[in-house]
There are 2 protein chains.
Amino acid sequence: MSQTVTRALRLLTELGEGERSLDQLAEVLGVHKTTALRLMQSLEDERFVYRDADYRYHLGAGLFALASLAMEQRGIRRIAAPHLAALNAATGQTVHLAAYEGGEVVYIDKYDSRHKVRMYSRVGLRAGLHNTAVAKVLLADLPLSERRRAVAGIDFTPHTPHTITGPQQLLAELETVAAQGWAQDHAEHETFINCIGAPVRDASGRAVAAVSISVPDVVAPYEQVLELLPQLLETARAVSADAGAPEDRLPSSPTERK
Amino acid sequence: MSQTVTRALRLLTELGEGERSLDQLAEVLGVHKTTALRLMQSLEDERFVYRDADYRYHLGAGLFALASLAMEQRGIRRIAAPHLAALNAATGQTVHLAAYEGGEVVYIDKYDSRHKVRMYSRVGLRAGLHNTAVAKVLLADLPLSERRRAVAGIDFTPHTPHTITGPQQLLAELETVAAQGWAQDHAEHETFINCIGAPVRDASGRAVAAVSISVPDVVAPYEQVLELLPQLLETARAVSADAGAPEDRLPSSPTERK
DNA sequence: TGGGTGATTGCATTATTCGCAACGCTCGTT
DNA sequence: AACGAGCGTTGCGAATAATGCAATCACCCA
């Protein structure tokens, strides 16, 4: 593990909070400002940061370029985009696209609700593995060994009275999810939000992403959220089809839950 | 300058091209794979990269998170988004948003043409300083000293017969641009593409970004592109107004060129 | 003109990175 | 079932590259 790289990345993360002077950055790392300077010079050289006329550092265009390449590499995002936009337009609700990556589930796209209530989530952030619909969908599709491993690492701190509290319970839930082809988060993450999620499959038949709709209580109660299920499954089906998923892995009509 | 950081960033850039194995990455740097491994471990720790089941490295979610923060910090991008989308929808042409940053001009947003012809540009990439409409707009707004400095650093390699070939010519052109409130690229970058660009100002009155429309010859000739000028200026005006630009810095109707 | 803030550079010290070699793991082959 | 190739990982001395200090420079304001 490289101390130098870790420091440089921490500086980048710090800049994510906003512009910083050299002294402020040195302070963050607890190093001499000379050290911070040289780290920043390298970052500046590669255009990951730039300095404005006041010598303040900002995140730079190199980062954009890289991020936009990364996004393109996730072809599923581009394929999904029009379908997600349509779903967002049709339902007016918050729509997320998430993927499994190295033991965690991260949001890779988001379409905001047309209501004032905004969700606390952002592209690049992790989704809770045991209390979000997208994570359940993705975990449910993993091979059993990896699924167990992922579940074993979860911190089951309850966020709400409905939060799943242990690995056994989650594994059982994942079986249900796998069987029915969709997942829900019934006030498990936030007391006032319900979600439903469905898998998106590519040509390999594996779930490479998950789509979800999130609805706050104030907008619609739980029962009405379930009524959106057909639209969600249809969206997931359309995206999967565009991604070349085999016919027999496409979701059919919703099945009864439990 | 930190060798370690530079290497780590080069690895990230390499991953921008696609997934890579550890050996491939070590090869790129010309170092022992142990060295590459430890750099990557640090990057992985901070979620800038992740490894798939085959131990191949990919760009990771930490990068997305950071880039999306960086985008948010550029408030102008969010403010401009609906107006750019509208301009793109109304004209059907490629629309760019660019900003000046540390001596260069970079694209910070892009809306694709609805025609098959796609432009070679991408969010995060640099725009040529002497052969693009957006750069002319932004350079024209700089204080004279900085403008001269920026112009001094330009490589005036001609791309087309129309490319501006020297600093004097460019500085003169920038005067024109500043006076008329918009810029053009008349086949200066690519023989078959014409652009027009206009400044977006914020509360300080400075040009913090530039909007442009790019049109390939095959879609419409130069003269027709100029007919889009009122729409472009109106868009720039609307974005500037939303960004709190003072009334007297807003563009008025187009003036005659030269 | 002078003092203060903040960035930058030269240099000696040493912590940190580096490459090597050995180990371990997985997978495909015989 | 044993073998071997291919890759990723780890332990450890060698030495390179990062570090902090102090001095210098550049700029702004009183």
# chains A, B, ... in the order shown; residues from 1 in each chain; ligands from 1
call {"tool": "residues_around", "arguments": {"residues": "DC25 in chain D", "least_positions_apart": "6", "cutoff": "10 Å", "atoms": "only C-alpha atoms (C1' of nucleotides)", "output": "PyMOL selection string"}}
result
chain C and resi 7-9
call {"tool": "residues_around", "arguments": {"residues": "Gln24 in chain A", "least_positions_apart": "5", "cutoff": "10 Å", "atoms": "only C-alpha atoms (C1' of nucleotides)", "output": "tab-separated table (two decimals) with C-alpha atoms, in the first residue's frame"}}
result
chain	number	residue	atom	x	y	z
A	11	LEU	CA	-6.49	15.42	-1.11
A	14	GLU	CA	-11.01	16.85	0.29
A	19	GLU	CA	-11.91	24.67	-3.11
A	29	LEU	CA	-2.94	15.40	5.86
A	30	GLY	CA	-0.98	16.71	8.79
A	33	LYS	CA	2.98	22.15	3.03
A	36	ALA	CA	1.23	18.76	-0.07
A	56	ARG	CA	-6.91	27.84	-4.78
call {"tool": "select_by_dssp", "arguments": {"residues": "range 3-186 of chain A", "states": "alpha helix (DSSP H)", "output": "ChimeraX atom specification"}}
result
/A:3-16,22-29,33-45,61-73,75-91,133-140,144-152,167-180
call {"tool": "write_last_selection", "arguments": {"atoms": "C-alpha atoms", "output": "tab-separated table (two decimals), in the first residue's frame"}}
result
chain	number	residue	atom	x	y	z
A	3	GLN	CA	1.20	6.11	1.50
A	4	THR	CA	1.84	8.69	-1.18
A	5	VAL	CA	-1.04	7.61	-3.36
A	6	THR	CA	-3.38	7.39	-0.42
A	7	ARG	CA	-2.47	10.92	0.55
A	8	ALA	CA	-3.02	12.20	-2.96
A	9	LEU	CA	-6.43	10.58	-3.10
A	10	ARG	CA	-7.35	12.02	0.25
A	11	LEU	CA	-6.49	15.42	-1.11
A	12	LEU	CA	-8.75	14.83	-4.08
A	13	THR	CA	-11.54	13.74	-1.77
A	14	GLU	CA	-11.01	16.85	0.29
A	15	LEU	CA	-11.32	18.97	-2.83
A	16	GLY	CA	-14.62	17.22	-3.43
A	22	LEU	CA	-2.35	24.73	-0.12
A	23	ASP	CA	-2.17	25.28	3.62
A	24	GLN	CA	-5.59	23.84	4.15
A	25	LEU	CA	-4.65	20.73	2.22
A	26	ALA	CA	-1.42	20.29	4.15
A	27	GLU	CA	-3.42	20.64	7.33
A	28	VAL	CA	-5.78	17.85	6.30
A	29	LEU	CA	-2.94	15.40	5.86
A	33	LYS	CA	2.98	22.15	3.03
A	34	THR	CA	5.93	21.36	0.83
A	35	THR	CA	4.75	17.79	0.80
A	36	ALA	CA	1.23	18.76	-0.07
A	37	LEU	CA	2.54	21.05	-2.78
A	38	ARG	CA	4.38	18.31	-4.55
A	39	LEU	CA	1.47	15.95	-4.40
A	40	MET	CA	-0.73	18.63	-5.85
A	41	GLN	CA	1.76	19.42	-8.57
A	42	SER	CA	1.50	15.88	-9.82
A	43	LEU	CA	-2.27	16.00	-9.70
A	44	GLU	CA	-2.21	19.32	-11.50
A	45	ASP	CA	0.12	17.97	-14.15
A	61	ALA	CA	-11.08	18.41	-16.11
A	62	GLY	CA	-8.88	15.32	-16.13
A	63	LEU	CA	-11.24	13.92	-13.57
A	64	PHE	CA	-14.23	14.67	-15.77
A	65	ALA	CA	-12.57	13.07	-18.73
A	66	LEU	CA	-11.83	9.93	-16.76
A	67	ALA	CA	-15.25	9.75	-15.20
A	68	SER	CA	-16.93	10.15	-18.53
A	69	LEU	CA	-14.79	7.35	-19.93
A	70	ALA	CA	-15.71	5.19	-16.97
A	71	MET	CA	-19.35	5.90	-17.61
A	72	GLU	CA	-18.99	4.95	-21.25
A	73	GLN	CA	-17.35	1.71	-20.28
A	75	GLY	CA	-22.41	0.41	-21.55
A	76	ILE	CA	-25.41	-0.59	-19.54
A	77	ARG	CA	-25.77	2.96	-18.34
A	78	ARG	CA	-26.10	4.33	-21.82
A	79	ILE	CA	-28.41	1.53	-22.89
A	80	ALA	CA	-30.59	2.10	-19.86
A	81	ALA	CA	-30.70	5.88	-20.07
A	82	PRO	CA	-33.67	6.36	-22.40
A	83	HIS	CA	-35.71	3.70	-20.62
A	84	LEU	CA	-34.98	5.15	-17.22
A	85	ALA	CA	-35.84	8.62	-18.42
A	86	ALA	CA	-39.11	7.28	-19.74
A	87	LEU	CA	-39.89	5.51	-16.48
A	88	ASN	CA	-39.04	8.65	-14.58
A	89	ALA	CA	-41.28	10.68	-16.85
A	90	ALA	CA	-44.15	8.19	-16.67
A	91	THR	CA	-44.15	7.77	-12.90
A	133	ALA	CA	-34.07	-2.85	-3.25
A	134	VAL	CA	-31.24	-2.52	-5.77
A	135	ALA	CA	-28.76	-4.30	-3.54
A	136	LYS	CA	-31.15	-7.13	-2.82
A	137	VAL	CA	-31.69	-7.64	-6.52
A	138	LEU	CA	-27.98	-7.71	-7.26
A	139	LEU	CA	-27.03	-9.87	-4.28
A	140	ALA	CA	-29.80	-12.32	-5.10
A	144	LEU	CA	-24.14	-18.60	-3.52
A	145	SER	CA	-20.54	-18.50	-2.32
A	146	GLU	CA	-20.06	-14.87	-3.20
A	147	ARG	CA	-23.48	-14.03	-1.89
A	148	ARG	CA	-22.59	-15.53	1.49
A	149	ARG	CA	-19.32	-13.68	1.53
A	150	ALA	CA	-20.99	-10.37	0.77
A	151	VAL	CA	-23.69	-10.96	3.37
A	152	ALA	CA	-21.10	-11.93	5.96
A	167	PRO	CA	-27.63	-12.65	7.79
A	168	GLN	CA	-30.10	-15.53	7.98
A	169	GLN	CA	-33.04	-13.25	7.47
A	170	LEU	CA	-31.32	-11.54	4.55
A	171	LEU	CA	-30.33	-14.75	2.84
A	172	ALA	CA	-33.91	-15.96	3.09
A	173	GLU	CA	-35.13	-12.68	1.65
A	174	LEU	CA	-32.66	-12.98	-1.20
A	175	GLU	CA	-34.09	-16.39	-2.06
A	176	THR	CA	-37.50	-14.82	-2.32
A	177	VAL	CA	-36.13	-12.02	-4.45
A	178	ALA	CA	-34.38	-14.44	-6.78
A	179	ALA	CA	-37.55	-16.46	-7.13
A	180	GLN	CA	-39.92	-13.59	-7.79
call {"tool": "residues_around", "arguments": {"residues": "DC25 in chain C", "least_positions_apart": "6", "cutoff": "10 Å", "atoms": "only C-alpha atoms (C1' of nucleotides)", "output": "list in words"}}
result
DC7, DG8 and DT9 of chain D
call {"tool": "residues_around", "arguments": {"residues": "range 93-95 of chain A", "least_positions_apart": "2", "cutoff": "12 Å", "atoms": "only C-alpha atoms (C1' of nucleotides)", "output": "VMD selection string"}}
result
chain A and resid 80 to 81 83 to 91 97 to 98 107 to 123 133 to 134 193 to 198 210 to 217 219 to 220 225 228 231 to 232 235 to 236
call {"tool": "residues_around", "arguments": {"residues": "DG11 in chain D", "least_positions_apart": "4", "cutoff": "12 Å", "atoms": "only C-alpha atoms (C1' of nucleotides)", "output": "JSON, numbers by chain"}}
result
{"C": [20, 21, 22, 23]}
call {"tool": "atom_distance", "arguments": {"atom1": "CA of His159 in chain A", "atom2": "CA of Glu190 in chain A"}}
result
6.8 Å
